[in-house]
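entry_7.pdb follows (PDB, C-alpha atoms and all ligand atoms):
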ATOM      1  CA  MET A   1     -24.096 -68.015 -12.432  1.00  0.00           C
ATOM      2  CA  ALA A   2     -22.859 -70.233 -15.244  1.00  0.00           C
ATOM      3  CA  VAL A   3     -22.583 -68.863 -18.787  1.00  0.00           C
ATOM      4  CA  LEU A   4     -25.093 -70.856 -20.855  1.00  0.00           C
ATOM      5  CA  VAL A   5     -23.893 -72.499 -24.049  1.00  0.00           C
ATOM      6  CA  LEU A   6     -26.622 -75.048 -24.863  1.00  0.00           C
ATOM      7  CA  SER A   7     -30.177 -74.453 -26.036  1.00  0.00           C
ATOM      8  CA  ASP A   8     -33.081 -76.215 -24.309  1.00  0.00           C
ATOM      9  CA  ASP A   9     -33.376 -78.613 -27.269  1.00  0.00           C
ATOM     10  CA  GLN A  10     -29.747 -79.625 -26.993  1.00  0.00           C
ATOM     11  CA  ARG A  11     -30.291 -80.633 -23.352  1.00  0.00           C
ATOM     12  CA  ARG A  12     -33.204 -82.968 -24.148  1.00  0.00           C
ATOM     13  CA  LYS A  13     -32.766 -86.728 -24.108  1.00  0.00           C
ATOM     14  CA  TRP A  14     -34.916 -89.592 -25.386  1.00  0.00           C
ATOM     15  CA  ASP A  15     -35.475 -91.013 -21.924  1.00  0.00           C
ATOM     16  CA  SER A  16     -36.458 -88.100 -19.738  1.00  0.00           C
ATOM     17  CA  SER A  17     -37.283 -90.226 -16.690  1.00  0.00           C
ATOM     18  CA  ASP A  18     -35.271 -89.640 -13.523  1.00  0.00           C
ATOM     19  CA  ASP A  19     -31.662 -90.769 -14.063  1.00  0.00           C
ATOM     20  CA  ALA A  20     -31.679 -92.195 -10.531  1.00  0.00           C
ATOM     21  CA  LEU A  21     -34.102 -94.898 -11.777  1.00  0.00           C
ATOM     22  CA  PHE A  22     -31.784 -95.868 -14.622  1.00  0.00           C
ATOM     23  CA  TYR A  23     -28.907 -96.280 -12.174  1.00  0.00           C
ATOM     24  CA  SER A  24     -30.908 -97.807  -9.304  1.00  0.00           C
ATOM     25  CA  GLN A  25     -29.512-101.303  -9.995  1.00  0.00           C
ATOM     26  CA  PRO A  26     -25.722-101.579  -9.709  1.00  0.00           C
ATOM     27  CA  ARG A  27     -23.898-102.451 -12.947  1.00  0.00           C
ATOM     28  CA  PHE A  28     -20.746-104.340 -12.084  1.00  0.00           C
ATOM     29  CA  VAL A  29     -19.481-104.219 -15.659  1.00  0.00           C
ATOM     30  CA  GLN A  30     -16.652-102.454 -17.474  1.00  0.00           C
ATOM     31  CA  HIS A  31     -17.946 -99.632 -19.648  1.00  0.00           C
ATOM     32  CA  LEU A  32     -14.655 -99.283 -21.560  1.00  0.00           C
ATOM     33  CA  ASP A  33     -12.316-101.910 -22.936  1.00  0.00           C
ATOM     34  CA  GLU A  34      -8.898-102.812 -21.527  1.00  0.00           C
ATOM     35  CA  ALA A  35      -6.971-100.833 -24.150  1.00  0.00           C
ATOM     36  CA  PHE A  36      -8.852 -97.652 -23.271  1.00  0.00           C
ATOM     37  CA  ARG A  37      -8.471 -98.271 -19.552  1.00  0.00           C
ATOM     38  CA  GLN A  38      -4.727 -98.811 -19.860  1.00  0.00           C
ATOM     39  CA  ARG A  39      -4.342 -95.580 -21.846  1.00  0.00           C
ATOM     40  CA  LEU A  40      -6.363 -93.684 -19.252  1.00  0.00           C
ATOM     41  CA  THR A  41      -4.338 -95.045 -16.331  1.00  0.00           C
ATOM     42  CA  ALA A  42      -1.131 -94.061 -18.147  1.00  0.00           C
ATOM     43  CA  LEU A  43      -2.481 -90.521 -18.558  1.00  0.00           C
ATOM     44  CA  TYR A  44      -3.292 -90.293 -14.852  1.00  0.00           C
ATOM     45  CA  ARG A  45       0.164 -91.654 -13.957  1.00  0.00           C
ATOM     46  CA  GLU A  46       1.698 -88.894 -16.064  1.00  0.00           C
ATOM     47  CA  ARG A  47      -0.549 -85.987 -15.040  1.00  0.00           C
ATOM     48  CA  LEU A  48      -1.615 -86.454 -11.412  1.00  0.00           C
ATOM     49  CA  PRO A  49       0.895 -85.602  -8.679  1.00  0.00           C
ATOM     50  CA  ALA A  50       0.843 -87.964  -5.699  1.00  0.00           C
ATOM     51  CA  ASP A  51       0.022 -85.141  -3.277  1.00  0.00           C
ATOM     52  CA  ALA A  52      -3.188 -84.363  -5.154  1.00  0.00           C
ATOM     53  CA  VAL A  53      -6.694 -84.385  -3.746  1.00  0.00           C
ATOM     54  CA  VAL A  54      -8.539 -86.203  -6.521  1.00  0.00           C
ATOM     55  CA  LEU A  55     -12.272 -86.124  -7.233  1.00  0.00           C
ATOM     56  CA  ASP A  56     -13.617 -88.993  -9.343  1.00  0.00           C
ATOM     57  CA  LEU A  57     -16.889 -87.457 -10.523  1.00  0.00           C
ATOM     58  CA  MET A  58     -19.527 -89.700 -12.157  1.00  0.00           C
ATOM     59  CA  SER A  59     -17.701 -92.756 -10.909  1.00  0.00           C
ATOM     60  CA  SER A  60     -18.686 -96.384 -10.436  1.00  0.00           C
ATOM     61  CA  TRP A  61     -17.170 -99.518  -8.875  1.00  0.00           C
ATOM     62  CA  VAL A  62     -14.123 -99.126 -11.144  1.00  0.00           C
ATOM     63  CA  SER A  63     -11.105 -96.894 -10.536  1.00  0.00           C
ATOM     64  CA  HIS A  64      -8.730 -96.035 -13.365  1.00  0.00           C
ATOM     65  CA  LEU A  65      -6.074 -94.574 -11.046  1.00  0.00           C
ATOM     66  CA  PRO A  66      -2.653 -96.268 -11.087  1.00  0.00           C
ATOM     67  CA  GLU A  67      -2.618 -98.829  -8.267  1.00  0.00           C
ATOM     68  CA  GLU A  68       0.953 -98.097  -7.233  1.00  0.00           C
ATOM     69  CA  ILE A  69       0.344 -94.404  -6.445  1.00  0.00           C
ATOM     70  CA  THR A  70      -1.284 -93.288  -3.201  1.00  0.00           C
ATOM     71  CA  TYR A  71      -2.847 -89.845  -3.614  1.00  0.00           C
ATOM     72  CA  ARG A  72      -3.411 -87.464  -0.736  1.00  0.00           C
ATOM     73  CA  SER A  73      -7.090 -88.215  -0.946  1.00  0.00           C
ATOM     74  CA  VAL A  74      -9.564 -89.690  -3.435  1.00  0.00           C
ATOM     75  CA  ILE A  75     -13.189 -88.600  -3.240  1.00  0.00           C
ATOM     76  CA  GLY A  76     -15.863 -90.260  -5.348  1.00  0.00           C
ATOM     77  CA  HIS A  77     -19.274 -89.303  -6.656  1.00  0.00           C
ATOM     78  CA  GLY A  78     -21.807 -91.310  -8.630  1.00  0.00           C
ATOM     79  CA  LEU A  79     -25.422 -92.322  -8.921  1.00  0.00           C
ATOM     80  CA  ASN A  80     -25.353 -95.769  -7.363  1.00  0.00           C
ATOM     81  CA  ALA A  81     -24.226 -96.198  -3.742  1.00  0.00           C
ATOM     82  CA  GLU A  82     -23.494 -99.937  -4.090  1.00  0.00           C
ATOM     83  CA  GLU A  83     -21.147 -99.336  -7.029  1.00  0.00           C
ATOM     84  CA  LEU A  84     -19.286 -96.579  -5.177  1.00  0.00           C
ATOM     85  CA  GLN A  85     -19.033 -98.749  -2.058  1.00  0.00           C
ATOM     86  CA  ARG A  86     -17.234-101.411  -4.138  1.00  0.00           C
ATOM     87  CA  ASN A  87     -14.730 -98.902  -5.636  1.00  0.00           C
ATOM     88  CA  PRO A  88     -11.386 -99.703  -3.950  1.00  0.00           C
ATOM     89  CA  ARG A  89      -9.911 -96.190  -4.253  1.00  0.00           C
ATOM     90  CA  LEU A  90     -12.613 -94.004  -2.766  1.00  0.00           C
ATOM     91  CA  GLU A  91     -12.031 -92.735   0.756  1.00  0.00           C
ATOM     92  CA  ARG A  92     -15.201 -90.631   0.753  1.00  0.00           C
ATOM     93  CA  ARG A  93     -18.156 -90.878  -1.560  1.00  0.00           C
ATOM     94  CA  TRP A  94     -21.574 -89.422  -2.170  1.00  0.00           C
ATOM     95  CA  VAL A  95     -24.561 -89.942  -4.468  1.00  0.00           C
ATOM     96  CA  GLN A  96     -26.074 -86.987  -6.325  1.00  0.00           C
ATOM     97  CA  ASN A  97     -28.072 -86.597  -9.505  1.00  0.00           C
ATOM     98  CA  LEU A  98     -26.179 -83.863 -11.338  1.00  0.00           C
ATOM     99  CA  ASN A  99     -29.040 -83.284 -13.751  1.00  0.00           C
ATOM    100  CA  THR A 100     -31.317 -82.176 -10.914  1.00  0.00           C
ATOM    101  CA  ASP A 101     -28.769 -80.567  -8.566  1.00  0.00           C
ATOM    102  CA  GLN A 102     -25.496 -79.061  -9.765  1.00  0.00           C
ATOM    103  CA  VAL A 103     -24.175 -77.717  -6.441  1.00  0.00           C
ATOM    104  CA  LEU A 104     -21.302 -79.931  -5.295  1.00  0.00           C
ATOM    105  CA  PRO A 105     -20.927 -80.460  -1.516  1.00  0.00           C
ATOM    106  CA  LEU A 106     -17.239 -79.525  -1.524  1.00  0.00           C
ATOM    107  CA  ASP A 107     -15.414 -76.417  -0.293  1.00  0.00           C
ATOM    108  CA  ASP A 108     -13.956 -73.753  -2.555  1.00  0.00           C
ATOM    109  CA  ALA A 109     -10.431 -74.552  -3.799  1.00  0.00           C
ATOM    110  CA  SER A 110     -10.357 -77.938  -2.042  1.00  0.00           C
ATOM    111  CA  VAL A 111      -9.606 -80.271  -4.993  1.00  0.00           C
ATOM    112  CA  ASP A 112      -6.526 -80.564  -7.232  1.00  0.00           C
ATOM    113  CA  ALA A 113      -7.922 -82.705 -10.018  1.00  0.00           C
ATOM    114  CA  THR A 114     -11.385 -83.784 -11.102  1.00  0.00           C
ATOM    115  CA  LEU A 115     -11.694 -86.833 -13.332  1.00  0.00           C
ATOM    116  CA  ILE A 116     -14.806 -87.591 -15.384  1.00  0.00           C
ATOM    117  CA  VAL A 117     -14.813 -90.816 -17.392  1.00  0.00           C
ATOM    118  CA  ALA A 118     -17.655 -91.699 -19.758  1.00  0.00           C
ATOM    119  CA  GLY A 119     -19.863 -89.353 -17.765  1.00  0.00           C
ATOM    120  CA  TRP A 120     -19.904 -85.904 -19.376  1.00  0.00           C
ATOM    121  CA  GLN A 121     -22.102 -87.320 -22.146  1.00  0.00           C
ATOM    122  CA  TYR A 122     -25.017 -87.593 -19.680  1.00  0.00           C
ATOM    123  CA  LEU A 123     -24.852 -84.038 -18.320  1.00  0.00           C
ATOM    124  CA  GLN A 124     -27.824 -81.841 -19.158  1.00  0.00           C
ATOM    125  CA  GLN A 125     -26.430 -78.799 -17.325  1.00  0.00           C
ATOM    126  CA  PRO A 126     -22.725 -79.094 -18.164  1.00  0.00           C
ATOM    127  CA  GLU A 127     -22.113 -75.348 -17.849  1.00  0.00           C
ATOM    128  CA  ALA A 128     -23.201 -75.306 -14.199  1.00  0.00           C
ATOM    129  CA  ILE A 129     -21.083 -78.390 -13.468  1.00  0.00           C
ATOM    130  CA  ALA A 130     -18.025 -76.841 -15.166  1.00  0.00           C
ATOM    131  CA  ALA A 131     -18.552 -73.656 -13.114  1.00  0.00           C
ATOM    132  CA  GLU A 132     -18.848 -75.666  -9.889  1.00  0.00           C
ATOM    133  CA  LEU A 133     -15.704 -77.610 -10.730  1.00  0.00           C
ATOM    134  CA  LEU A 134     -13.862 -74.325 -11.206  1.00  0.00           C
ATOM    135  CA  ARG A 135     -15.063 -73.182  -7.770  1.00  0.00           C
ATOM    136  CA  ILE A 136     -13.896 -76.322  -5.939  1.00  0.00           C
ATOM    137  CA  THR A 137     -10.544 -76.525  -7.786  1.00  0.00           C
ATOM    138  CA  ARG A 138      -7.355 -75.004  -6.400  1.00  0.00           C
ATOM    139  CA  PRO A 139      -5.536 -72.531  -8.688  1.00  0.00           C
ATOM    140  CA  GLY A 140      -3.267 -74.642 -10.892  1.00  0.00           C
ATOM    141  CA  GLY A 141      -5.582 -77.633 -10.511  1.00  0.00           C
ATOM    142  CA  GLN A 142      -7.131 -79.432 -13.452  1.00  0.00           C
ATOM    143  CA  VAL A 143     -10.113 -81.241 -14.868  1.00  0.00           C
ATOM    144  CA  ILE A 144      -9.661 -84.298 -17.103  1.00  0.00           C
ATOM    145  CA  VAL A 145     -12.737 -85.348 -19.100  1.00  0.00           C
ATOM    146  CA  SER A 146     -12.291 -88.668 -20.907  1.00  0.00           C
ATOM    147  CA  PHE A 147     -14.618 -90.668 -23.101  1.00  0.00           C
ATOM    148  CA  SER A 148     -14.790 -93.054 -26.015  1.00  0.00           C
ATOM    149  CA  ASN A 149     -17.296 -93.453 -28.833  1.00  0.00           C
ATOM    150  CA  ARG A 150     -20.074 -95.240 -26.920  1.00  0.00           C
ATOM    151  CA  MET A 151     -22.960 -94.111 -24.749  1.00  0.00           C
ATOM    152  CA  PHE A 152     -26.288 -95.109 -23.274  1.00  0.00           C
ATOM    153  CA  PHE A 153     -27.995 -93.431 -26.230  1.00  0.00           C
ATOM    154  CA  THR A 154     -31.375 -92.768 -24.601  1.00  0.00           C
ATOM    155  CA  LYS A 155     -29.720 -91.083 -21.638  1.00  0.00           C
ATOM    156  CA  ALA A 156     -27.454 -88.758 -23.621  1.00  0.00           C
ATOM    157  CA  PRO A 157     -28.703 -85.229 -24.322  1.00  0.00           C
ATOM    158  CA  GLN A 158     -29.232 -84.340 -27.961  1.00  0.00           C
ATOM    159  CA  ILE A 159     -25.974 -82.331 -28.151  1.00  0.00           C
ATOM    160  CA  TRP A 160     -24.056 -85.568 -27.524  1.00  0.00           C
ATOM    161  CA  ALA A 161     -26.336 -88.107 -29.168  1.00  0.00           C
ATOM    162  CA  ASP A 162     -26.262 -86.205 -32.481  1.00  0.00           C
ATOM    163  CA  GLY A 163     -22.535 -85.394 -32.483  1.00  0.00           C
ATOM    164  CA  SER A 164     -19.405 -87.009 -33.912  1.00  0.00           C
ATOM    165  CA  ASP A 165     -16.272 -87.724 -31.862  1.00  0.00           C
ATOM    166  CA  ARG A 166     -14.817 -84.441 -33.050  1.00  0.00           C
ATOM    167  CA  ASP A 167     -18.026 -82.600 -32.098  1.00  0.00           C
ATOM    168  CA  HIS A 168     -17.791 -84.115 -28.608  1.00  0.00           C
ATOM    169  CA  LEU A 169     -14.235 -82.860 -28.126  1.00  0.00           C
ATOM    170  CA  GLU A 170     -15.153 -79.393 -29.303  1.00  0.00           C
ATOM    171  CA  TYR A 171     -18.284 -79.309 -27.179  1.00  0.00           C
ATOM    172  CA  VAL A 172     -16.534 -80.282 -23.927  1.00  0.00           C
ATOM    173  CA  GLY A 173     -13.763 -77.763 -24.623  1.00  0.00           C
ATOM    174  CA  THR A 174     -16.247 -74.982 -25.421  1.00  0.00           C
ATOM    175  CA  VAL A 175     -18.175 -75.504 -22.196  1.00  0.00           C
ATOM    176  CA  LEU A 176     -14.998 -75.538 -20.090  1.00  0.00           C
ATOM    177  CA  LEU A 177     -13.679 -72.385 -21.777  1.00  0.00           C
ATOM    178  CA  SER A 178     -17.017 -70.620 -21.357  1.00  0.00           C
ATOM    179  CA  GLN A 179     -16.828 -71.017 -17.568  1.00  0.00           C
ATOM    180  CA  GLY A 180     -13.261 -69.705 -17.276  1.00  0.00           C
ATOM    181  CA  TRP A 181     -11.157 -72.865 -17.562  1.00  0.00           C
ATOM    182  CA  SER A 182      -7.913 -72.572 -19.562  1.00  0.00           C
ATOM    183  CA  LYS A 183      -7.701 -73.346 -23.281  1.00  0.00           C
ATOM    184  CA  PRO A 184      -8.102 -77.117 -23.293  1.00  0.00           C
ATOM    185  CA  GLU A 185      -5.548 -79.653 -24.360  1.00  0.00           C
ATOM    186  CA  VAL A 186      -7.142 -82.365 -26.485  1.00  0.00           C
ATOM    187  CA  ILE A 187      -6.008 -85.969 -26.828  1.00  0.00           C
ATOM    188  CA  ALA A 188      -7.595 -88.062 -29.584  1.00  0.00           C
ATOM    189  CA  GLU A 189      -5.995 -91.428 -30.213  1.00  0.00           C
ATOM    190  CA  GLU A 190      -6.686 -94.881 -31.521  1.00  0.00           C
ATOM    191  CA  THR A 191      -5.795 -97.702 -29.154  1.00  0.00           C
ATOM    192  CA  ARG A 192      -4.475-101.162 -29.898  1.00  0.00           C
ATOM    193  CA  HIS A 193      -6.670-104.054 -28.758  1.00  0.00           C
ATOM    194  CA  ALA A 194      -5.238-105.318 -25.469  1.00  0.00           C
ATOM    195  CA  GLY A 195      -5.580-109.011 -26.413  1.00  0.00           C
ATOM    196  CA  LEU A 196      -4.099-111.172 -29.127  1.00  0.00           C
ATOM    197  CA  ALA A 197      -6.084-109.294 -31.771  1.00  0.00           C
ATOM    198  CA  GLY A 198      -3.872-106.266 -31.033  1.00  0.00           C
ATOM    199  CA  TYR A 199      -0.883-108.062 -32.538  1.00  0.00           C
ATOM    200  CA  PHE A 200      -2.787-108.397 -35.783  1.00  0.00           C
ATOM    201  CA  GLY A 201      -3.782-104.731 -35.957  1.00  0.00           C
ATOM    202  CA  GLY A 202      -7.027-105.054 -33.990  1.00  0.00           C
ATOM    203  CA  LYS A 203      -8.204-101.772 -32.475  1.00  0.00           C
ATOM    204  CA  GLY A 204      -9.478-101.036 -29.004  1.00  0.00           C
ATOM    205  CA  ASP A 205     -11.918 -98.335 -27.947  1.00  0.00           C
ATOM    206  CA  PRO A 206     -10.777 -94.938 -29.269  1.00  0.00           C
ATOM    207  CA  PHE A 207      -9.436 -92.649 -26.571  1.00  0.00           C
ATOM    208  CA  PHE A 208     -10.476 -89.025 -26.159  1.00  0.00           C
ATOM    209  CA  SER A 209      -9.562 -86.648 -23.387  1.00  0.00           C
ATOM    210  CA  VAL A 210     -10.049 -82.932 -22.787  1.00  0.00           C
ATOM    211  CA  ILE A 211      -7.795 -81.413 -20.135  1.00  0.00           C
ATOM    212  CA  SER A 212      -8.113 -77.897 -18.735  1.00  0.00           C
ATOM    213  CA  ALA A 213      -6.484 -76.058 -15.867  1.00  0.00           C
ATOM    214  CA  LYS A 214      -7.677 -73.445 -13.396  1.00  0.00           C
ATOM    215  CA  ARG A 215      -5.516 -70.409 -13.927  1.00  0.00           C
TER     216      ARG A 215
HETATM  217  C1  LIG B 301     -20.878 -95.267 -18.265  1.00  0.00           C
HETATM  218  S1  LIG B 301     -20.824 -94.980 -16.539  1.00  0.00           S
HETATM  219  C2  LIG B 301     -19.112 -94.586 -16.269  1.00  0.00           C
HETATM  220  C3  LIG B 301     -18.704 -94.906 -14.860  1.00  0.00           C
HETATM  221  C4  LIG B 301     -17.215 -94.733 -14.533  1.00  0.00           C
HETATM  222  N1  LIG B 301     -16.791 -93.348 -14.642  1.00  0.00           N
HETATM  223  C5  LIG B 301     -16.310 -95.639 -15.358  1.00  0.00           C
HETATM  224  O1  LIG B 301     -15.299 -95.158 -15.859  1.00  0.00           O
HETATM  225  O2  LIG B 301     -16.602 -96.835 -15.457  1.00  0.00           O
HETATM  226  C6  LIG B 301     -21.641 -93.427 -16.422  1.00  0.00           C
HETATM  227  C7  LIG B 301     -21.660 -92.832 -15.014  1.00  0.00           C
HETATM  228  O3  LIG B 301     -22.134 -91.502 -15.091  1.00  0.00           O
HETATM  229  C8  LIG B 301     -22.747 -91.141 -13.865  1.00  0.00           C
HETATM  230  N2  LIG B 301     -24.016 -90.478 -14.166  1.00  0.00           N
HETATM  231  C9  LIG B 301     -24.834 -90.657 -15.216  1.00  0.00           C
HETATM  232  N3  LIG B 301     -25.910 -89.843 -15.145  1.00  0.00           N
HETATM  233  C10 LIG B 301     -25.726 -89.101 -14.025  1.00  0.00           C
HETATM  234  C11 LIG B 301     -26.476 -88.090 -13.383  1.00  0.00           C
HETATM  235  N4  LIG B 301     -27.642 -87.659 -13.863  1.00  0.00           N
HETATM  236  N5  LIG B 301     -25.981 -87.578 -12.231  1.00  0.00           N
HETATM  237  C12 LIG B 301     -24.821 -88.018 -11.709  1.00  0.00           C
HETATM  238  N6  LIG B 301     -24.067 -88.951 -12.260  1.00  0.00           N
HETATM  239  C13 LIG B 301     -24.522 -89.516 -13.395  1.00  0.00           C
HETATM  240  C14 LIG B 301     -22.915 -92.411 -13.043  1.00  0.00           C
HETATM  241  O4  LIG B 301     -21.967 -92.380 -11.997  1.00  0.00           O
HETATM  242  C15 LIG B 301     -22.577 -93.516 -14.025  1.00  0.00           C
HETATM  243  O5  LIG B 301     -21.943 -94.582 -13.401  1.00  0.00           O
END

Go ahead and express the file in the form of structure tokens.
Ligand SMILES: C[S@@+](CC[C@H](N)C(=O)[O-])C[C@H]1O[C@@H](n2cnc3c(N)ncnc32)[C@H](O)[C@@H]1O
Amino acid sequence: MAVLVLSDDQRRKWDSSDDALFYSQPRFVQHLDEAFRQRLTALYRERLPADAVVLDLMSSWVSHLPEEITYRSVIGHGLNAEELQRNPRLERRWVQNLNTDQVLPLDDASVDATLIVAGWQYLQQPEAIAAELLRITRPGGQVIVSFSNRMFFTKAPQIWADGSDRDHLEYVGTVLLSQGWSKPEVIAEETRHAGLAGYFGGKGDPFFSVISAKR
């Protein structure tokens, strides 16, 4: 049983219709700008060993993994089968609405690293997901939750929709800690616009990441 952190009100979202409807049409777009994506790929290059079994939870058609590294295995999850089918890195994939079913179809201690990018902000039962991730992670394995300052507002629970960037970092860390993950490491950085504007001080999407390990 997960330790509950959120109140019922904090889990509510403006659009309470089934998330599967919202994601029924594939969106072949980038949700984060190039500067953010480059920063994220650099983080993965630094933190993920090549022999890792990687789970890309709440994924899409896009992979942020470094192209030059072949991991032991990359498993993907999302809410739209067509998007996942198009993702070049996924060897296995499945579709599951995590707001209606939090039990992941993966064995205990079978994953080395779970990556969540611009996804945590849509979780209504984050405690149960964090507890499941702890179950499927090998001791010494990690979870890396990354996000920027944007969201599909109507689909974000109140805890996220009402919070600042700093609140988001604290909230993700609190939920992970509450389920037994290690004290999180937090990365909060500005990025430089990846195009010409970057040379003139233009900013890209801000980069936030919360990283915890299974002791
Ligand atoms: C903004 S997209 C980010 C996709 C991808 N991680 C990326 O970096 O481009 C949000 C993703 O969260 C996932 N998602 C949102 N609501 C979900 C839900 N109720 N259950 C499972 N996944 C959900 C979907 O996979 C969706 O593609």

Listed atoms of ligand LIG 301 (chain B) boxed axis-aligned with 4 Å per side, centre + edges as JSON:
{"center_x": -21.5, "center_y": -92.2, "center_z": -15.0, "size_x": 20.3, "size_y": 17.3, "size_z": 14.6}

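Relative to CA of Ala130 in chain A, CA of Gly173 in chain A is found at 10.4 Å.
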
Please report as JSON lines every residue of chain A lying within 6 Å of ligand LIG 301 (chain B), along with the nearest atom pair and their distance in Å (one decimal), using all atoms listed in the file.
{"residue": "A:Asp19", "atom": "CA", "partner": "B:LIG301", "partner_atom": "N4", "distance": 5.1}
{"residue": "A:Gln30", "atom": "CA", "partner": "B:LIG301", "partner_atom": "O2", "distance": 6.0}
{"residue": "A:His31", "atom": "CA", "partner": "B:LIG301", "partner_atom": "O2", "distance": 5.2}
{"residue": "A:Met58", "atom": "CA", "partner": "B:LIG301", "partner_atom": "O4", "distance": 3.6}
{"residue": "A:Ser59", "atom": "CA", "partner": "B:LIG301", "partner_atom": "N1", "distance": 3.9}
{"residue": "A:Ser60", "atom": "CA", "partner": "B:LIG301", "partner_atom": "C4", "distance": 4.7}
{"residue": "A:Val62", "atom": "CA", "partner": "B:LIG301", "partner_atom": "O2", "distance": 5.5}
{"residue": "A:Gly78", "atom": "CA", "partner": "B:LIG301", "partner_atom": "O4", "distance": 3.5}
{"residue": "A:Leu79", "atom": "CA", "partner": "B:LIG301", "partner_atom": "O4", "distance": 4.6}
{"residue": "A:Gln96", "atom": "CA", "partner": "B:LIG301", "partner_atom": "C12", "distance": 5.6}
{"residue": "A:Asn97", "atom": "CA", "partner": "B:LIG301", "partner_atom": "N5", "distance": 3.6}
{"residue": "A:Leu98", "atom": "CA", "partner": "B:LIG301", "partner_atom": "N5", "distance": 3.8}
{"residue": "A:Asn99", "atom": "CA", "partner": "B:LIG301", "partner_atom": "N4", "distance": 4.6}
{"residue": "A:Val117", "atom": "CA", "partner": "B:LIG301", "partner_atom": "N1", "distance": 4.2}
{"residue": "A:Ala118", "atom": "CA", "partner": "B:LIG301", "partner_atom": "C2", "distance": 4.8}
{"residue": "A:Gly119", "atom": "CA", "partner": "B:LIG301", "partner_atom": "O3", "distance": 4.1}
{"residue": "A:Tyr122", "atom": "CA", "partner": "B:LIG301", "partner_atom": "N3", "distance": 5.1}

Which residues are close to Leu4 in chain A, i.e. within 8 Å by all atoms listed in the file, leaving aside same-chain residues fewer than 2 positions away? Reply as a PDB file with C-alpha atoms, in the frame of the given file.
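Here's the written file part.pdb:
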ATOM      1  CA  ALA A   2     -22.859 -70.233 -15.244  1.00  0.00           C
ATOM      2  CA  LEU A   6     -26.622 -75.048 -24.863  1.00  0.00           C
ATOM      3  CA  GLU A 127     -22.113 -75.348 -17.849  1.00  0.00           C
TER       4      GLU A 127
END

Expand the PyMOL selection byres (((chain A and resi 32) around 10) and not hetatm) into the individual residues it matches in the shown file, reporting them as a compact mmCIF listing (two decimals) with C-alpha atoms, in the frame of the given file.
# COMPACT_ATOMS: atom_id res chain seq x y z
CA VAL A 29 -19.48 -104.22 -15.66
CA GLN A 30 -16.65 -102.45 -17.47
CA HIS A 31 -17.95 -99.63 -19.65
CA ASP A 33 -12.32 -101.91 -22.94
CA GLU A 34 -8.90 -102.81 -21.53
CA ALA A 35 -6.97 -100.83 -24.15
CA PHE A 36 -8.85 -97.65 -23.27
CA ARG A 37 -8.47 -98.27 -19.55
CA VAL A 117 -14.81 -90.82 -17.39
CA ALA A 118 -17.66 -91.70 -19.76
CA PHE A 147 -14.62 -90.67 -23.10
CA SER A 148 -14.79 -93.05 -26.02
CA ASN A 149 -17.30 -93.45 -28.83
CA ARG A 150 -20.07 -95.24 -26.92
CA GLY A 204 -9.48 -101.04 -29.00
CA ASP A 205 -11.92 -98.34 -27.95
CA PRO A 206 -10.78 -94.94 -29.27
CA PHE A 207 -9.44 -92.65 -26.57
